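Engineer: work_15.cif is reproduced below (mmCIF, C-alpha atoms).
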data_upload
#
loop_
_atom_site.group_PDB
_atom_site.id
_atom_site.type_symbol
_atom_site.label_atom_id
_atom_site.label_comp_id
_atom_site.auth_asym_id
_atom_site.auth_seq_id
_atom_site.Cartn_x
_atom_site.Cartn_y
_atom_site.Cartn_z
ATOM 1 C CA MET A 229 0.000 0.000 0.000
ATOM 2 C CA ASP A 230 1.686 3.207 -1.110
ATOM 3 C CA ASN A 231 -0.951 5.877 -1.602
ATOM 4 C CA PHE A 232 -1.056 9.429 -0.268
ATOM 5 C CA PHE A 233 -2.788 8.423 2.991
ATOM 6 C CA ALA A 234 -0.315 5.619 3.694
ATOM 7 C CA ARG A 235 2.586 8.039 3.175
ATOM 8 C CA GLN A 236 1.038 10.610 5.515
ATOM 9 C CA LEU A 237 0.378 7.893 8.094
ATOM 10 C CA ALA A 238 3.965 6.666 7.798
ATOM 11 C CA THR A 239 5.240 10.220 8.351
ATOM 12 C CA TYR A 240 3.031 10.602 11.423
ATOM 13 C CA ALA A 241 4.164 7.213 12.743
ATOM 14 C CA SER A 242 7.825 8.196 12.360
ATOM 15 C CA TYR A 243 7.231 10.933 14.969
ATOM 16 C CA HIS A 244 5.525 8.452 17.307
ATOM 17 C CA ARG A 245 7.760 5.410 17.780
ATOM 18 C CA ASP A 246 7.789 5.444 21.593
ATOM 19 C CA GLU A 247 4.941 3.394 23.121
ATOM 20 C CA ARG A 248 4.489 5.961 25.913
ATOM 21 C CA ASN A 249 4.147 8.725 23.342
ATOM 22 C CA ARG A 250 1.519 6.730 21.439
ATOM 23 C CA ALA A 251 -0.334 6.093 24.716
ATOM 24 C CA THR A 252 -0.484 9.784 25.653
ATOM 25 C CA HIS A 253 -1.950 10.555 22.228
ATOM 26 C CA PHE A 254 -4.905 8.264 22.960
ATOM 27 C CA VAL A 255 -5.883 10.797 25.643
ATOM 28 C CA GLY A 256 -4.487 14.001 24.128
ATOM 29 C CA ILE A 257 -5.977 13.849 20.637
ATOM 30 C CA PRO A 258 -9.621 13.137 21.665
ATOM 31 C CA ALA A 259 -9.335 15.797 24.400
ATOM 32 C CA ILE A 260 -8.090 18.416 21.931
ATOM 33 C CA VAL A 261 -10.681 17.526 19.266
ATOM 34 C CA PHE A 262 -13.479 17.706 21.838
ATOM 35 C CA SER A 263 -12.157 20.992 23.259
ATOM 36 C CA ILE A 264 -12.267 22.655 19.824
ATOM 37 C CA LEU A 265 -15.882 21.580 19.237
ATOM 38 C CA VAL A 266 -17.148 23.234 22.438
ATOM 39 C CA PRO A 267 -16.587 26.943 21.588
ATOM 40 C CA LEU A 268 -17.477 26.238 17.945
ATOM 41 C CA ALA A 269 -20.893 25.035 19.149
ATOM 42 C CA LEU A 270 -21.511 28.589 20.394
ATOM 43 C CA VAL A 271 -21.441 29.969 16.835
ATOM 44 C CA ARG A 272 -24.795 29.284 15.185
ATOM 45 C CA ALA A 273 -26.654 30.248 12.023
ATOM 46 C CA ASP A 274 -30.071 28.828 11.062
ATOM 47 C CA GLY A 275 -29.788 26.090 13.672
ATOM 48 C CA ILE A 276 -26.469 24.860 12.312
ATOM 49 C CA SER A 277 -23.443 25.369 14.537
ATOM 50 C CA ALA A 278 -19.864 25.857 13.430
ATOM 51 C CA ALA A 279 -19.057 22.671 15.384
ATOM 52 C CA MET A 280 -21.469 20.702 13.177
ATOM 53 C CA ALA A 281 -20.006 22.213 9.994
ATOM 54 C CA VAL A 282 -16.404 21.578 11.057
ATOM 55 C CA ALA A 283 -17.189 18.022 12.214
ATOM 56 C CA LEU A 284 -18.924 17.310 8.893
ATOM 57 C CA LEU A 285 -15.993 18.677 6.893
ATOM 58 C CA ALA A 286 -13.559 16.621 8.983
ATOM 59 C CA VAL A 287 -15.422 13.335 8.536
ATOM 60 C CA ILE A 288 -15.797 13.944 4.785
ATOM 61 C CA GLY A 289 -12.033 14.398 4.562
ATOM 62 C CA TRP A 290 -11.294 11.365 6.733
ATOM 63 C CA ILE A 291 -13.750 9.122 4.830
ATOM 64 C CA ALA A 292 -12.237 10.292 1.520
ATOM 65 C CA LEU A 293 -8.784 9.263 2.741
ATOM 66 C CA ASP A 294 -9.907 5.929 4.223
ATOM 67 C CA ARG A 295 -13.509 4.755 4.365
ATOM 68 C CA ILE A 296 -13.226 2.417 7.358
ATOM 69 C CA ILE A 297 -11.143 4.762 9.515
ATOM 70 C CA GLY A 298 -13.335 7.702 8.482
ATOM 71 C CA CYS A 299 -16.553 5.873 9.417
ATOM 72 C CA ALA A 300 -15.069 4.774 12.746
ATOM 73 C CA LEU A 301 -14.066 8.378 13.460
ATOM 74 C CA THR A 302 -17.608 9.510 12.607
ATOM 75 C CA VAL A 303 -18.906 7.172 15.323
ATOM 76 C CA VAL A 304 -16.487 8.774 17.810
ATOM 77 C CA MET A 305 -17.145 12.346 16.642
ATOM 78 C CA LEU A 306 -20.920 12.111 17.031
ATOM 79 C CA PRO A 307 -21.068 11.811 20.852
ATOM 80 C CA MET A 308 -18.320 14.441 21.179
ATOM 81 C CA LEU A 309 -20.362 16.802 19.016
ATOM 82 C CA LEU A 310 -23.560 16.103 20.981
ATOM 83 C CA VAL A 311 -21.837 16.801 24.317
ATOM 84 C CA ALA A 312 -20.241 19.980 22.916
ATOM 85 C CA GLU A 313 -23.645 21.173 21.646
ATOM 86 C CA TRP A 314 -25.288 20.379 24.996
ATOM 87 C CA LEU A 315 -22.572 22.226 26.927
ATOM 88 C CA ALA A 316 -22.804 25.297 24.712
ATOM 89 C CA ARG A 317 -26.615 25.429 24.816
ATOM 90 C CA SER A 318 -26.925 24.677 28.539
ATOM 91 C CA TYR A 319 -24.065 26.652 30.043
ATOM 92 C CA GLY A 320 -23.233 29.438 27.587
ATOM 93 C CA SER A 321 -19.971 30.980 26.555
ATOM 94 C CA THR A 322 -18.046 31.406 29.826
ATOM 95 C CA ILE A 323 -18.337 27.758 30.883
ATOM 96 C CA SER A 324 -17.783 26.592 27.299
ATOM 97 C CA TRP A 325 -14.511 28.516 27.061
ATOM 98 C CA ILE A 326 -13.414 27.182 30.457
ATOM 99 C CA VAL A 327 -14.140 23.627 29.248
ATOM 100 C CA PHE A 328 -12.180 24.410 26.088
ATOM 101 C CA ALA A 329 -9.189 25.689 28.075
ATOM 102 C CA VAL A 330 -9.145 22.682 30.427
ATOM 103 C CA PHE A 331 -9.388 20.054 27.678
ATOM 104 C CA PHE A 332 -7.178 21.875 25.179
ATOM 105 C CA ILE A 333 -4.360 22.627 27.617
ATOM 106 C CA GLY A 334 -4.777 19.244 29.323
ATOM 107 C CA GLY A 335 -4.689 17.477 25.971
ATOM 108 C CA TRP A 336 -1.525 19.292 24.938
ATOM 109 C CA VAL A 337 0.144 18.507 28.272
ATOM 110 C CA PHE A 338 -0.409 14.810 27.509
ATOM 111 C CA GLN A 339 0.803 15.223 23.925
ATOM 112 C CA LEU A 340 3.925 17.153 24.845
ATOM 113 C CA ALA A 341 4.787 14.788 27.701
ATOM 114 C CA GLY A 342 4.727 11.998 25.138
ATOM 115 C CA HIS A 343 6.994 13.930 22.818
ATOM 116 C CA VAL A 344 9.476 14.517 25.654
ATOM 117 C CA TRP A 345 9.728 10.717 26.012
ATOM 118 C CA GLU A 346 9.933 10.392 22.251
ATOM 119 C CA GLY A 347 12.678 12.996 22.082
ATOM 120 C CA ARG A 348 11.119 14.450 18.948
ATOM 121 C CA ARG A 349 8.834 17.429 18.426
ATOM 122 C CA PRO A 350 5.205 16.990 17.269
ATOM 123 C CA ALA A 351 4.712 16.216 13.561
ATOM 124 C CA LEU A 352 2.520 19.259 12.965
ATOM 125 C CA THR A 353 5.421 21.593 13.744
ATOM 126 C CA ASP A 354 7.004 20.386 10.494
ATOM 127 C CA ASN A 355 3.789 19.984 8.479
ATOM 128 C CA LEU A 356 0.470 21.453 9.645
ATOM 129 C CA PHE A 357 -1.464 18.899 7.588
ATOM 130 C CA GLN A 358 -0.319 16.241 10.061
ATOM 131 C CA ALA A 359 -2.839 17.708 12.550
ATOM 132 C CA PHE A 360 -5.534 16.271 10.251
ATOM 133 C CA ILE A 361 -3.838 12.851 10.254
ATOM 134 C CA GLY A 362 -3.454 12.552 14.070
ATOM 135 C CA PRO A 363 -7.017 11.332 14.793
ATOM 136 C CA MET A 364 -6.755 8.881 11.868
ATOM 137 C CA PHE A 365 -3.503 7.476 13.260
ATOM 138 C CA ILE A 366 -5.089 6.818 16.663
ATOM 139 C CA MET A 367 -8.108 5.153 15.034
ATOM 140 C CA ALA A 368 -5.835 3.103 12.755
ATOM 141 C CA GLU A 369 -4.012 1.841 15.859
ATOM 142 C CA VAL A 370 -7.328 0.855 17.497
ATOM 143 C CA LEU A 371 -8.582 -0.909 14.370
ATOM 144 C CA MET A 372 -5.283 -2.747 13.885
ATOM 145 C CA ALA A 373 -5.398 -3.899 17.520
ATOM 146 C CA LEU A 374 -8.855 -5.313 16.721
ATOM 147 C CA GLY A 375 -7.418 -7.197 13.765
ATOM 148 C CA LEU A 376 -8.708 -4.777 11.123
ATOM 149 C CA LYS A 377 -6.791 -2.538 8.681
ATOM 150 C CA GLN A 378 -3.780 -4.840 8.649
ATOM 151 C CA ASP A 379 -2.908 -3.343 5.247
ATOM 152 C CA LEU A 380 -1.735 -0.199 7.052
ATOM 153 C CA LYS A 381 0.577 -2.071 9.418
ATOM 154 C CA ALA A 382 3.443 -2.099 6.949
ATOM 155 C CA ALA A 383 3.095 1.654 6.343
ATOM 156 C CA ILE A 384 3.074 2.474 10.052
ATOM 157 C CA GLU A 385 5.927 0.150 11.002
ATOM 158 C CA ARG A 386 8.109 1.160 8.062
ATOM 159 C CA MET B 178 -20.948 16.302 -17.679
ATOM 160 C CA ASP B 179 -23.831 14.445 -16.009
ATOM 161 C CA ARG B 180 -24.443 14.146 -12.271
ATOM 162 C CA THR B 181 -22.704 10.778 -11.944
ATOM 163 C CA GLN B 182 -19.572 12.079 -13.647
ATOM 164 C CA THR B 183 -19.594 15.220 -11.492
ATOM 165 C CA LEU B 184 -19.871 13.131 -8.307
ATOM 166 C CA ARG B 185 -17.105 10.817 -9.535
ATOM 167 C CA SER B 186 -14.848 13.797 -10.267
ATOM 168 C CA LEU B 187 -15.561 15.221 -6.809
ATOM 169 C CA ARG B 188 -14.831 11.874 -5.162
ATOM 170 C CA ASP B 189 -11.590 11.485 -7.130
ATOM 171 C CA PHE B 190 -10.540 15.001 -6.106
ATOM 172 C CA LEU B 191 -11.284 14.357 -2.402
ATOM 173 C CA CYS B 192 -9.377 11.058 -2.441
ATOM 174 C CA ASP B 193 -6.426 12.656 -4.175
ATOM 175 C CA GLU B 194 -3.537 14.455 -2.450
ATOM 176 C CA ALA B 195 -4.768 17.906 -3.577
ATOM 177 C CA GLY B 196 -8.308 17.306 -2.301
ATOM 178 C CA ALA B 197 -7.169 15.866 1.026
ATOM 179 C CA LYS B 198 -4.838 18.801 1.604
ATOM 180 C CA ALA B 199 -7.563 21.257 0.577
ATOM 181 C CA ILE B 200 -9.960 19.778 3.157
ATOM 182 C CA GLY B 201 -7.243 19.620 5.835
ATOM 183 C CA TYR B 202 -6.206 23.248 5.455
ATOM 184 C CA LEU B 203 -9.800 24.424 4.961
ATOM 185 C CA LEU B 204 -10.645 22.721 8.236
ATOM 186 C CA ILE B 205 -7.812 24.477 10.059
ATOM 187 C CA ILE B 206 -8.866 27.870 8.632
ATOM 188 C CA ALA B 207 -12.544 27.192 9.487
ATOM 189 C CA VAL B 208 -11.652 26.277 13.077
ATOM 190 C CA VAL B 209 -9.518 29.407 13.562
ATOM 191 C CA MET B 210 -12.162 31.700 12.030
ATOM 192 C CA ALA B 211 -15.073 30.157 13.954
ATOM 193 C CA MET B 212 -13.138 30.320 17.218
ATOM 194 C CA GLY B 213 -12.386 33.970 16.533
ATOM 195 C CA THR B 214 -16.104 34.598 15.938
ATOM 196 C CA SER B 215 -17.003 32.707 19.098
ATOM 197 C CA LEU B 216 -14.470 34.626 21.186
ATOM 198 C CA ASN B 217 -15.525 37.938 19.653
ATOM 199 C CA ALA B 218 -19.175 37.237 20.510
ATOM 200 C CA MET B 219 -18.269 37.082 24.197
ATOM 201 C CA TYR B 220 -17.456 40.792 24.285
#
For this file, produce the structure as structure tokens.

Structural biologist:
Amino acid sequence: MDNFFARQLATYASYHRDERNRATHFVGIPAIVFSILVPLALVRADGISAAMAVALLAVIGWIALDRIIGCALTVVMLPMLLVAEWLARSYGSTISWIVFAVFFIGGWVFQLAGHVWEGRRPALTDNLFQAFIGPMFIMAEVLMALGLKQDLKAAIER
Amino acid sequence: MDRTQTLRSLRDFLCDEAGAKAIGYLLIIAVVMAMGTSLNAMY
């Protein structure tokens, strides 16, 4: 397998060889993704929030790159989006921004701790597009652990 | 170009490197702009 997605995944994997670093990303990436959705849920037009629009755009992009990983990420994104919408509607902007700060900073603390162990800076500092690949990498790891997406194993372990 | 061809072209573009990068960067810009709007609305 040597398509664009596999190459991007291989690049991301090369920044995440240390098991501890990979483990911290299982907490950090979902926390950061969720944190971003919360203040975006405050911005609304005609009943559609910016969180919904951004989540939709993200899953379209992920599904285009890999159908199985993209669909699995959609399943994970949906409850995150629902909680973000509920928080924004129920508690308003101040609480939403506090939730954002806690999850965003907390998520990055996990991520950066992992990169200290790794001894290498995050992939997105060299290529911003890698921020889009991060959630896919985590999901690929989960699916491979479940015996699925074995075709990506060679790309990741290259 | 009929509807099927248009959809196929769109799908090919999204699955291609250019399309994936377009969505990725568009997403980053959308997040930054929407967060700016959200923050601005607080004041």

Engineer: One decimal, in Å: what's the spacing between CA of Leu204 (chain B) and CA of Ala286 (chain A)?

Structural biologist: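 So the two atoms, CA of Leu204 (chain B) and CA of Ala286 (chain A), lie 6.8 Å apart.
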
Engineer: Could you state the separation of CA of Ile205 (chain B) and CA of Val282 (chain A) in Å, given to one decimal place?

Structural biologist: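 Going from CA of Ile205 (chain B) over to CA of Val282 (chain A), I get 9.1 Å.
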
Engineer: Within 7 Å of chain B, which residues of chain A come that close, and what is the closest atom pair and distance in Å for each? Count only C-alpha atoms and give it as JSON lines.

Structural biologist:
{"residue": "A:Phe232", "atom": "CA", "partner": "B:Glu194", "partner_atom": "CA", "distance": 6.0}
{"residue": "A:Pro267", "atom": "CA", "partner": "B:Ser215", "partner_atom": "CA", "distance": 6.3}
{"residue": "A:Leu268", "atom": "CA", "partner": "B:Met212", "partner_atom": "CA", "distance": 6.0}
{"residue": "A:Leu270", "atom": "CA", "partner": "B:Ser215", "partner_atom": "CA", "distance": 6.2}
{"residue": "A:Val271", "atom": "CA", "partner": "B:Ser215", "partner_atom": "CA", "distance": 5.7}
{"residue": "A:Ala278", "atom": "CA", "partner": "B:Ala211", "partner_atom": "CA", "distance": 6.5}
{"residue": "A:Val282", "atom": "CA", "partner": "B:Leu204", "partner_atom": "CA", "distance": 6.5}
{"residue": "A:Leu285", "atom": "CA", "partner": "B:Leu204", "partner_atom": "CA", "distance": 6.8}
{"residue": "A:Ala286", "atom": "CA", "partner": "B:Leu204", "partner_atom": "CA", "distance": 6.8}
{"residue": "A:Gly289", "atom": "CA", "partner": "B:Ile200", "partner_atom": "CA", "distance": 5.9}
{"residue": "A:Ala292", "atom": "CA", "partner": "B:Cys192", "partner_atom": "CA", "distance": 4.9}
{"residue": "A:Leu293", "atom": "CA", "partner": "B:Cys192", "partner_atom": "CA", "distance": 5.5}
{"residue": "A:Ser321", "atom": "CA", "partner": "B:Met219", "partner_atom": "CA", "distance": 6.8}
{"residue": "A:Phe357", "atom": "CA", "partner": "B:Gly201", "partner_atom": "CA", "distance": 6.1}
{"residue": "A:Phe360", "atom": "CA", "partner": "B:Gly201", "partner_atom": "CA", "distance": 5.8}

Engineer: Interatomic distance between CA of Arg248 (chain A) and CA of Phe365 (chain A)?

Structural biologist: 15.0 Å

Engineer: Which one of A:Lys381, A:Arg295, A:Arg317, A:Arg349 sits closest to Arg272 (chain A) if you count only C-alpha atoms?

Structural biologist: A:Arg317

Engineer: For region 193-212 of chain B, I'd like the enclosing box, axis-aligned and padded by 5 Å on every side, reported as JSON with centre and edge lengths in Å to one decimal.

Structural biologist:
{"center_x": -9.3, "center_y": 22.2, "center_z": 6.5, "size_x": 21.5, "size_y": 29.0, "size_z": 31.4}

Engineer: Starting from the shown file, work through the PyMOL selection byres ((chain A and resi 385) around 10) and note down what comes out as a compact mmCIF listing (two decimals) with C-alpha atoms, in the coordinates of the input.

Structural biologist:
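The resulting file, expr-v7.txt, is reproduced below:
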# COMPACT_ATOMS: atom_id res chain seq x y z
CA LEU A 237 0.38 7.89 8.09
CA ALA A 238 3.96 6.67 7.80
CA ALA A 241 4.16 7.21 12.74
CA SER A 242 7.82 8.20 12.36
CA ARG A 245 7.76 5.41 17.78
CA LEU A 380 -1.74 -0.20 7.05
CA LYS A 381 0.58 -2.07 9.42
CA ALA A 382 3.44 -2.10 6.95
CA ALA A 383 3.10 1.65 6.34
CA ILE A 384 3.07 2.47 10.05
CA ARG A 386 8.11 1.16 8.06

Engineer: Name the residues that the PyMOL selection byres ((chain A and resi 324) around 9) picks from the file above, as a compact mmCIF listing (two decimals) with C-alpha atoms, in the coordinates of the input, using the file's chain letters and numbers.

Structural biologist:
# COMPACT_ATOMS: atom_id res chain seq x y z
CA SER A 263 -12.16 20.99 23.26
CA VAL A 266 -17.15 23.23 22.44
CA PRO A 267 -16.59 26.94 21.59
CA ALA A 269 -20.89 25.04 19.15
CA LEU A 270 -21.51 28.59 20.39
CA ALA A 312 -20.24 19.98 22.92
CA LEU A 315 -22.57 22.23 26.93
CA ALA A 316 -22.80 25.30 24.71
CA TYR A 319 -24.06 26.65 30.04
CA GLY A 320 -23.23 29.44 27.59
CA SER A 321 -19.97 30.98 26.56
CA THR A 322 -18.05 31.41 29.83
CA ILE A 323 -18.34 27.76 30.88
CA TRP A 325 -14.51 28.52 27.06
CA ILE A 326 -13.41 27.18 30.46
CA VAL A 327 -14.14 23.63 29.25
CA PHE A 328 -12.18 24.41 26.09
CA ALA A 329 -9.19 25.69 28.08

Engineer: Hey, what's within 7 Å of region 250-261 of chain A if we count only C-alpha atoms and toss same-chain stuff fewer than 4 positions away? As a ChimeraX atom specification, please?

Structural biologist: /A:244,246,265,331-332,335-336,338-339,342,363,366

Engineer: What would the selection look like, as a PyMOL selection string, if the PyMOL selection byres ((chain A and resi 364) around 10) were run on the coordinates I just shared?

Structural biologist: chain A and resi 233+237+240+290-291+293-294+297-298+300-301+358-363+365-370
